[in-house]
file run_8.txt (compact mmCIF, C-alpha atoms)
# COMPACT_ATOMS: atom_id res chain seq x y z
CA MET U 15 -6.22 -3.25 -13.08
CA THR U 16 -2.83 -2.51 -11.62
CA ASP U 17 0.23 -3.61 -13.54
CA VAL U 18 2.35 -5.77 -11.30
CA PRO U 19 5.97 -4.63 -11.39
CA GLU U 20 8.56 -7.32 -11.96
CA VAL U 21 11.38 -7.60 -9.45
CA ARG U 22 14.51 -9.63 -10.12
CA THR U 23 16.74 -11.01 -7.42
CA GLU U 24 19.88 -13.06 -7.82
CA ARG U 25 17.88 -16.24 -8.53
CA LEU U 26 14.23 -15.24 -8.84
CA LEU U 27 11.84 -13.39 -11.08
CA MET U 28 9.06 -11.97 -8.91
CA ARG U 29 6.11 -11.41 -11.25
CA GLY U 30 2.35 -11.12 -11.41
CA TRP U 31 -0.06 -14.04 -11.38
CA ARG U 32 -1.15 -15.75 -14.59
CA GLU U 33 -3.91 -18.28 -15.07
CA ASP U 34 -1.36 -20.84 -16.23
CA ASP U 35 0.20 -20.74 -12.74
CA LEU U 36 -2.71 -22.84 -11.46
CA ASP U 37 -1.09 -26.26 -11.88
CA ALA U 38 2.08 -25.20 -10.06
CA TRP U 39 0.17 -23.33 -7.33
CA SER U 40 -2.19 -26.31 -6.84
CA ARG U 41 0.81 -28.59 -6.42
CA ILE U 42 2.47 -26.21 -3.94
CA THR U 43 -0.61 -25.55 -1.78
CA GLY U 44 -1.76 -29.15 -2.13
CA HIS U 45 1.25 -30.41 -0.20
CA PRO U 46 0.32 -31.22 3.43
CA ASP U 47 3.54 -29.73 4.88
CA VAL U 48 2.97 -26.42 3.07
CA ALA U 49 -0.70 -26.30 4.10
CA LYS U 50 0.26 -26.86 7.75
CA MET U 51 2.85 -24.04 7.73
CA ILE U 52 0.38 -21.49 6.32
CA GLY U 53 -2.33 -22.42 8.80
CA ASP U 54 -4.61 -24.43 6.52
CA ALA U 55 -6.25 -27.45 8.13
CA GLN U 56 -6.17 -29.31 4.82
CA PRO U 57 -4.15 -28.97 1.62
CA LYS U 58 -5.89 -26.86 -1.02
CA ASN U 59 -7.67 -28.56 -3.89
CA PRO U 60 -7.35 -26.97 -7.38
CA VAL U 61 -10.47 -24.81 -6.97
CA GLU U 62 -9.25 -23.51 -3.59
CA ALA U 63 -5.80 -22.89 -5.09
CA TRP U 64 -7.41 -20.90 -7.92
CA LEU U 65 -9.43 -18.83 -5.45
CA HIS U 66 -6.25 -18.15 -3.47
CA MET U 67 -4.45 -17.07 -6.66
CA ALA U 68 -7.38 -14.80 -7.55
CA GLY U 69 -7.20 -13.22 -4.10
CA MET U 70 -3.47 -12.60 -4.47
CA ALA U 71 -3.97 -11.05 -7.93
CA GLY U 72 -6.90 -9.01 -6.64
CA HIS U 73 -4.84 -7.57 -3.78
CA TRP U 74 -2.62 -5.93 -6.41
CA ALA U 75 -5.68 -4.48 -8.15
CA LEU U 76 -7.23 -3.13 -4.95
CA LYS U 77 -4.15 -2.01 -3.02
CA GLY U 78 -1.39 -1.48 -5.61
CA PHE U 79 0.81 -4.10 -3.91
CA GLY U 80 0.62 -7.77 -3.13
CA HIS U 81 2.31 -11.13 -3.46
CA TRP U 82 4.41 -11.95 -6.50
CA VAL U 83 4.81 -15.38 -8.04
CA LEU U 84 8.36 -16.63 -7.49
CA GLU U 85 9.84 -18.06 -10.66
CA ALA U 86 13.34 -19.57 -10.65
CA LEU U 87 15.47 -17.71 -13.19
CA ASP U 88 17.49 -20.80 -14.09
CA SER U 89 14.54 -23.07 -14.87
CA GLY U 90 11.38 -20.95 -15.17
CA GLU U 91 9.77 -23.15 -12.50
CA VAL U 92 7.23 -21.58 -10.14
CA VAL U 93 8.75 -22.15 -6.70
CA GLY U 94 6.36 -20.15 -4.52
CA ARG U 95 5.02 -16.71 -3.74
CA ALA U 96 6.16 -13.78 -1.63
CA GLY U 97 5.21 -10.17 -1.12
CA LEU U 98 3.06 -7.77 0.81
CA LEU U 99 -0.43 -8.01 2.28
CA ARG U 100 -2.69 -5.64 4.17
CA PRO U 101 -6.27 -6.93 4.22
CA PRO U 102 -8.67 -4.85 6.36
CA ASP U 103 -8.30 -7.19 9.36
CA TRP U 104 -4.47 -7.26 9.39
CA PRO U 105 -2.61 -5.42 12.15
CA ASP U 106 -0.06 -3.81 9.76
CA LEU U 107 1.67 -4.21 6.39
CA GLU U 108 2.92 -7.79 6.22
CA VAL U 109 5.70 -9.39 4.25
CA GLY U 110 5.05 -13.08 3.74
CA TRP U 111 6.19 -16.06 1.71
CA THR U 112 5.23 -19.58 0.74
CA VAL U 113 7.75 -21.87 -0.95
CA ALA U 114 7.16 -25.28 -2.53
CA ARG U 115 8.12 -28.09 -0.17
CA GLU U 116 10.84 -29.40 -2.47
CA HIS U 117 12.51 -25.97 -2.41
CA TRP U 118 12.64 -25.49 1.36
CA GLY U 119 16.16 -24.76 2.55
CA LYS U 120 17.34 -23.10 -0.68
CA GLY U 121 17.06 -19.52 0.60
CA TYR U 122 14.25 -18.43 -1.73
CA ALA U 123 12.04 -17.09 1.09
CA PRO U 124 14.58 -14.66 2.60
CA GLU U 125 15.77 -13.62 -0.87
CA ALA U 126 12.24 -12.76 -1.99
CA GLY U 127 11.23 -11.36 1.41
CA ARG U 128 14.15 -8.94 1.39
CA ALA U 129 13.31 -7.81 -2.16
CA ALA U 130 9.66 -7.30 -1.17
CA CYS U 131 10.70 -5.23 1.88
CA GLU U 132 13.02 -3.09 -0.25
CA TRP U 133 10.22 -2.57 -2.77
CA ALA U 134 7.77 -1.66 0.04
CA HIS U 135 10.17 0.98 1.35
CA GLU U 136 11.02 2.42 -2.07
CA ALA U 137 7.64 2.22 -3.82
CA LEU U 138 5.23 2.62 -0.89
CA GLY U 139 7.32 4.60 1.57
CA ALA U 140 6.70 1.87 4.15
CA ARG U 141 8.53 2.46 7.43
CA HIS U 142 7.56 -0.70 9.34
CA ILE U 143 6.77 -4.24 8.26
CA ILE U 144 5.51 -7.31 10.07
CA SER U 145 5.23 -11.04 9.47
CA LEU U 146 2.43 -13.10 11.02
CA ILE U 147 3.83 -16.55 11.80
CA LEU U 148 2.43 -19.65 13.44
CA PRO U 149 4.44 -20.37 16.61
CA SER U 150 5.14 -23.89 15.27
CA ASN U 151 6.61 -22.61 11.98
CA ALA U 152 10.32 -22.65 12.83
CA ASN U 153 11.31 -22.20 9.16
CA SER U 154 9.41 -18.93 8.80
CA ILE U 155 10.67 -17.71 12.15
CA ARG U 156 14.23 -18.19 10.84
CA VAL U 157 13.34 -16.31 7.64
CA ALA U 158 11.85 -13.42 9.62
CA GLU U 159 14.99 -13.26 11.76
CA LYS U 160 17.16 -13.23 8.61
CA LEU U 161 15.11 -10.24 7.48
CA GLY U 162 15.96 -8.46 10.73
CA GLU U 163 12.52 -8.96 12.25
CA ARG U 164 12.06 -9.59 15.97
CA VAL U 165 9.05 -10.73 17.99
CA GLU U 166 6.77 -7.78 18.72
CA GLY U 167 3.89 -9.73 20.25
CA ARG U 168 1.03 -12.11 19.56
CA GLU U 169 -2.24 -11.59 17.73
CA THR U 170 -5.29 -13.62 16.91
CA VAL U 171 -5.92 -13.15 13.19
CA ARG U 172 -8.97 -14.81 11.69
CA GLY U 173 -9.17 -17.08 14.71
CA VAL U 174 -5.53 -18.19 14.52
CA ASP U 175 -2.96 -17.38 17.21
CA VAL U 176 0.18 -16.03 15.52
CA LEU U 177 3.45 -14.43 16.51
CA VAL U 178 3.96 -10.93 15.18
CA TYR U 179 7.51 -10.37 13.98
CA GLY U 180 8.42 -6.87 12.85
CA SER U 181 11.16 -4.52 11.74
CA ASP U 182 11.61 -0.92 10.77
CA LEU U 183 12.54 -0.28 7.14
CA PRO U 184 14.90 -0.05 5.41
CA LEU U 185 16.29 -3.32 6.63
CA VAL U 186 19.95 -3.64 7.46
CA ALA U 187 21.66 -5.56 4.66
CA ALA U 188 22.22 -9.16 5.66
CA GLY U 189 22.90 -12.47 3.98
CA THR U 190 20.05 -14.21 2.18
CA GLY U 191 21.31 -17.77 2.29
CA GLY U 192 19.78 -20.52 4.36
CA ALA U 193 16.07 -21.22 4.87

call {"tool": "encode", "arguments": {"input": "run_8.txt", "output": "structure tokens"}}
result
Amino acid sequence: MTDVPEVRTERLLMRGWREDDLDAWSRITGHPDVAKMIGDAQPKNPVEAWLHMAGMAGHWALKGFGHWVLEALDSGEVVGRAGLLRPPDWPDLEVGWTVAREHWGKGYAPEAGRAACEWAHEALGARHIISLILPSNANSIRVAEKLGERVEGRETVRGVDVLVYGSDLPLVAAGTGGA
């Protein structure tokens, strides 16, 4: 099993998944607005949330990178996830994020996304990164743009039409406030 490195940002601890994250992750992915933005037809039930967590943890074990849990430094609350994915059917290395509905607009997604991109460049030698975003997800489009990503095209991934945003690494330093 791969040890998941911890990354600290100004307001977040990005850490590996633990079984006791299930209640928080079930609450986050069980919210209809969150489910809609990540392309799920229905909010996840606790078993589906656990399977999703297991997949995120397993990506670290299989690939040596993945999505971190986002824990607020000031409260210890799990506020989402962010990191890197590259399943076999993905077009390229992706940076992605999911933030609890009650934390939208606090800037956690761009803060964590930027840290994940920096880690990808430093630890993996990544030179290019993408984000796969539903065309209706204006919040994630704004986050991708804050990360310096621009539309590179469209793809159908697992039957879902998505916009492909991308950027060469390292990213140009930019503000992380906002979304």

call {"tool": "closest_residue", "arguments": {"input": "run_8.txt", "among": "U:Ala126, U:Ala96, U:Ile42, U:Ala55", "to": "Leu26 of chain U", "atoms": "only C-alpha atoms"}}
result
U:Ala126

call {"tool": "closest_residue", "arguments": {"input": "run_8.txt", "among": "U:Ala123, U:Val171, U:Leu177, U:Ile147", "to": "Pro102 of chain U", "atoms": "only C-alpha atoms"}}
result
U:Val171

call {"tool": "atom_distance", "arguments": {"input": "run_8.txt", "atom1": "atom CA of Pro101 of chain U", "atom2": "atom CA of Ala71 of chain U"}}
result
13.0 Å

call {"tool": "closest_residue", "arguments": {"input": "run_8.txt", "among": "U:Asn151, U:Thr23, U:Ser181, U:Ser145", "to": "Asp88 of chain U", "atoms": "all atoms listed in the file"}}
result
U:Thr23

call {"tool": "residues_around", "arguments": {"input": "run_8.txt", "residues": "Val48 of chain U", "least_positions_apart": "2", "cutoff": "12 Å", "atoms": "all atoms listed in the file", "output": "ChimeraX atom specification"}}
result
/U:39-46,50-58,94,111-118,151,153-154

call {"tool": "closest_residue", "arguments": {"input": "run_8.txt", "among": "U:Ile155, U:Leu98, U:Ala86, U:Val93", "to": "Ala38 of chain U", "atoms": "all atoms listed in the file"}}
result
U:Val93

call {"tool": "atom_distance", "arguments": {"input": "run_8.txt", "atom1": "atom CA of Lys120 of chain U", "atom2": "atom CA of Val83 of chain U"}}
result
16.5 Å

call {"tool": "residues_around", "arguments": {"input": "run_8.txt", "residues": "Ala130 of chain U", "least_positions_apart": "4", "cutoff": "9 Å", "atoms": "only C-alpha atoms", "output": "PyMOL selection string"}}
result
chain U and resi 21+81-82+96-98+109-110+125-126+134-135

call {"tool": "decode", "arguments": {"input": "run_8.txt", "residues": "segment 76-193 of chain U", "atoms": "C-alpha atoms", "output": "PDB file, in the first residue's frame"}}
result
ATOM      1  CA  LEU U  76      -2.342   1.362  -7.735  1.00  0.00           C
ATOM      2  CA  LYS U  77      -0.966   4.577  -9.233  1.00  0.00           C
ATOM      3  CA  GLY U  78       0.990   6.310  -6.450  1.00  0.00           C
ATOM      4  CA  PHE U  79      -1.260   9.385  -6.679  1.00  0.00           C
ATOM      5  CA  GLY U  80      -4.913  10.168  -6.232  1.00  0.00           C
ATOM      6  CA  HIS U  81      -7.444  12.338  -4.457  1.00  0.00           C
ATOM      7  CA  TRP U  82      -6.807  13.596  -0.948  1.00  0.00           C
ATOM      8  CA  VAL U  83      -9.448  14.219   1.687  1.00  0.00           C
ATOM      9  CA  LEU U  84      -9.750  17.960   2.337  1.00  0.00           C
ATOM     10  CA  GLU U  85      -9.812  18.721   6.043  1.00  0.00           C
ATOM     11  CA  ALA U  86     -10.227  22.306   7.259  1.00  0.00           C
ATOM     12  CA  LEU U  87      -7.241  23.203   9.430  1.00  0.00           C
ATOM     13  CA  ASP U  88      -9.274  25.462  11.711  1.00  0.00           C
ATOM     14  CA  SER U  89     -11.995  22.929  12.557  1.00  0.00           C
ATOM     15  CA  GLY U  90     -10.836  19.457  11.465  1.00  0.00           C
ATOM     16  CA  GLU U  91     -14.033  19.159   9.402  1.00  0.00           C
ATOM     17  CA  VAL U  92     -13.924  17.137   6.171  1.00  0.00           C
ATOM     18  CA  VAL U  93     -14.949  19.659   3.511  1.00  0.00           C
ATOM     19  CA  GLY U  94     -14.350  17.640   0.341  1.00  0.00           C
ATOM     20  CA  ARG U  95     -11.756  15.920  -1.786  1.00  0.00           C
ATOM     21  CA  ALA U  96      -9.299  17.003  -4.458  1.00  0.00           C
ATOM     22  CA  GLY U  97      -6.378  15.533  -6.321  1.00  0.00           C
ATOM     23  CA  LEU U  98      -5.281  13.586  -9.335  1.00  0.00           C
ATOM     24  CA  LEU U  99      -6.872  10.782 -11.349  1.00  0.00           C
ATOM     25  CA  ARG U 100      -5.818   8.729 -14.345  1.00  0.00           C
ATOM     26  CA  PRO U 101      -8.023   5.648 -14.720  1.00  0.00           C
ATOM     27  CA  PRO U 102      -7.351   3.599 -17.875  1.00  0.00           C
ATOM     28  CA  ASP U 103     -10.205   5.279 -19.790  1.00  0.00           C
ATOM     29  CA  TRP U 104      -9.208   8.887 -18.983  1.00  0.00           C
ATOM     30  CA  PRO U 105      -7.720  11.046 -21.742  1.00  0.00           C
ATOM     31  CA  ASP U 106      -4.890  12.422 -19.538  1.00  0.00           C
ATOM     32  CA  LEU U 107      -3.869  13.166 -15.945  1.00  0.00           C
ATOM     33  CA  GLU U 108      -6.783  15.002 -14.342  1.00  0.00           C
ATOM     34  CA  VAL U 109      -6.951  17.373 -11.413  1.00  0.00           C
ATOM     35  CA  GLY U 110     -10.400  17.356  -9.869  1.00  0.00           C
ATOM     36  CA  TRP U 111     -12.284  18.446  -6.773  1.00  0.00           C
ATOM     37  CA  THR U 112     -15.546  17.977  -4.919  1.00  0.00           C
ATOM     38  CA  VAL U 113     -16.496  20.316  -2.080  1.00  0.00           C
ATOM     39  CA  ALA U 114     -19.385  19.995   0.378  1.00  0.00           C
ATOM     40  CA  ARG U 115     -22.337  22.138  -0.671  1.00  0.00           C
ATOM     41  CA  GLU U 116     -22.177  24.289   2.459  1.00  0.00           C
ATOM     42  CA  HIS U 117     -18.563  25.178   1.619  1.00  0.00           C
ATOM     43  CA  TRP U 118     -19.085  26.282  -1.981  1.00  0.00           C
ATOM     44  CA  GLY U 119     -17.747  29.773  -2.574  1.00  0.00           C
ATOM     45  CA  LYS U 120     -15.027  29.620   0.097  1.00  0.00           C
ATOM     46  CA  GLY U 121     -12.142  29.009  -2.327  1.00  0.00           C
ATOM     47  CA  TYR U 122     -11.300  25.492  -1.134  1.00  0.00           C
ATOM     48  CA  ALA U 123     -11.430  23.955  -4.631  1.00  0.00           C
ATOM     49  CA  PRO U 124      -8.885  26.278  -6.291  1.00  0.00           C
ATOM     50  CA  GLU U 125      -6.665  26.185  -3.187  1.00  0.00           C
ATOM     51  CA  ALA U 126      -6.566  22.388  -3.187  1.00  0.00           C
ATOM     52  CA  GLY U 127      -6.464  22.135  -6.988  1.00  0.00           C
ATOM     53  CA  ARG U 128      -3.412  24.377  -7.157  1.00  0.00           C
ATOM     54  CA  ALA U 129      -1.656  22.349  -4.439  1.00  0.00           C
ATOM     55  CA  ALA U 130      -2.473  19.106  -6.289  1.00  0.00           C
ATOM     56  CA  CYS U 131      -1.082  20.536  -9.554  1.00  0.00           C
ATOM     57  CA  GLU U 132       2.108  21.665  -7.820  1.00  0.00           C
ATOM     58  CA  TRP U 133       2.480  18.214  -6.257  1.00  0.00           C
ATOM     59  CA  ALA U 134       1.879  16.547  -9.657  1.00  0.00           C
ATOM     60  CA  HIS U 135       4.634  18.637 -11.231  1.00  0.00           C
ATOM     61  CA  GLU U 136       7.119  18.164  -8.381  1.00  0.00           C
ATOM     62  CA  ALA U 137       6.451  14.533  -7.418  1.00  0.00           C
ATOM     63  CA  LEU U 138       5.362  13.035 -10.750  1.00  0.00           C
ATOM     64  CA  GLY U 139       7.117  15.300 -13.230  1.00  0.00           C
ATOM     65  CA  ALA U 140       3.740  16.011 -14.832  1.00  0.00           C
ATOM     66  CA  ARG U 141       3.917  18.540 -17.655  1.00  0.00           C
ATOM     67  CA  HIS U 142       0.222  18.818 -18.578  1.00  0.00           C
ATOM     68  CA  ILE U 143      -2.971  18.485 -16.581  1.00  0.00           C
ATOM     69  CA  ILE U 144      -6.644  18.439 -17.493  1.00  0.00           C
ATOM     70  CA  SER U 145      -9.995  18.754 -15.771  1.00  0.00           C
ATOM     71  CA  LEU U 146     -13.091  16.994 -17.105  1.00  0.00           C
ATOM     72  CA  ILE U 147     -16.089  19.219 -16.393  1.00  0.00           C
ATOM     73  CA  LEU U 148     -19.786  19.002 -17.174  1.00  0.00           C
ATOM     74  CA  PRO U 149     -20.728  21.940 -19.429  1.00  0.00           C
ATOM     75  CA  SER U 150     -23.424  22.920 -16.891  1.00  0.00           C
ATOM     76  CA  ASN U 151     -20.957  23.097 -13.972  1.00  0.00           C
ATOM     77  CA  ALA U 152     -20.178  26.829 -13.960  1.00  0.00           C
ATOM     78  CA  ASN U 153     -18.506  26.611 -10.520  1.00  0.00           C
ATOM     79  CA  SER U 154     -15.925  24.064 -11.670  1.00  0.00           C
ATOM     80  CA  ILE U 155     -15.339  25.960 -14.896  1.00  0.00           C
ATOM     81  CA  ARG U 156     -14.437  29.016 -12.779  1.00  0.00           C
ATOM     82  CA  VAL U 157     -12.102  26.885 -10.642  1.00  0.00           C
ATOM     83  CA  ALA U 158     -10.379  25.475 -13.740  1.00  0.00           C
ATOM     84  CA  GLU U 159      -9.927  28.998 -15.100  1.00  0.00           C
ATOM     85  CA  LYS U 160      -8.451  30.131 -11.753  1.00  0.00           C
ATOM     86  CA  LEU U 161      -5.963  27.281 -12.125  1.00  0.00           C
ATOM     87  CA  GLY U 162      -4.948  28.648 -15.527  1.00  0.00           C
ATOM     88  CA  GLU U 163      -6.781  25.962 -17.487  1.00  0.00           C
ATOM     89  CA  ARG U 164      -8.486  26.719 -20.797  1.00  0.00           C
ATOM     90  CA  VAL U 165     -10.918  24.709 -22.911  1.00  0.00           C
ATOM     91  CA  GLU U 166      -9.031  22.187 -25.037  1.00  0.00           C
ATOM     92  CA  GLY U 167     -12.042  20.327 -26.406  1.00  0.00           C
ATOM     93  CA  ARG U 168     -14.853  17.925 -25.590  1.00  0.00           C
ATOM     94  CA  GLU U 169     -14.805  14.233 -24.760  1.00  0.00           C
ATOM     95  CA  THR U 170     -17.305  11.547 -23.977  1.00  0.00           C
ATOM     96  CA  VAL U 171     -16.056   9.804 -20.844  1.00  0.00           C
ATOM     97  CA  ARG U 172     -18.046   6.848 -19.556  1.00  0.00           C
ATOM     98  CA  GLY U 173     -20.999   7.986 -21.632  1.00  0.00           C
ATOM     99  CA  VAL U 174     -20.948  11.560 -20.326  1.00  0.00           C
ATOM    100  CA  ASP U 175     -20.204  14.581 -22.522  1.00  0.00           C
ATOM    101  CA  VAL U 176     -17.625  16.763 -20.757  1.00  0.00           C
ATOM    102  CA  LEU U 177     -15.504  19.783 -21.504  1.00  0.00           C
ATOM    103  CA  VAL U 178     -11.773  19.181 -21.335  1.00  0.00           C
ATOM    104  CA  TYR U 179      -9.949  22.044 -19.669  1.00  0.00           C
ATOM    105  CA  GLY U 180      -6.165  21.871 -19.589  1.00  0.00           C
ATOM    106  CA  SER U 181      -2.938  23.644 -18.769  1.00  0.00           C
ATOM    107  CA  ASP U 182       0.771  23.065 -18.972  1.00  0.00           C
ATOM    108  CA  LEU U 183       2.593  22.768 -15.646  1.00  0.00           C
ATOM    109  CA  PRO U 184       3.924  24.442 -13.627  1.00  0.00           C
ATOM    110  CA  LEU U 185       0.976  26.750 -13.380  1.00  0.00           C
ATOM    111  CA  VAL U 186       1.478  30.474 -13.270  1.00  0.00           C
ATOM    112  CA  ALA U 187       0.943  31.667  -9.701  1.00  0.00           C
ATOM    113  CA  ALA U 188      -2.491  33.200  -9.318  1.00  0.00           C
ATOM    114  CA  GLY U 189      -4.901  34.023  -6.533  1.00  0.00           C
ATOM    115  CA  THR U 190      -6.827  31.188  -4.906  1.00  0.00           C
ATOM    116  CA  GLY U 191      -9.788  33.118  -3.563  1.00  0.00           C
ATOM    117  CA  GLY U 192     -13.308  32.832  -4.877  1.00  0.00           C
ATOM    118  CA  ALA U 193     -15.121  29.640  -5.898  1.00  0.00           C
TER     119      ALA U 193
END
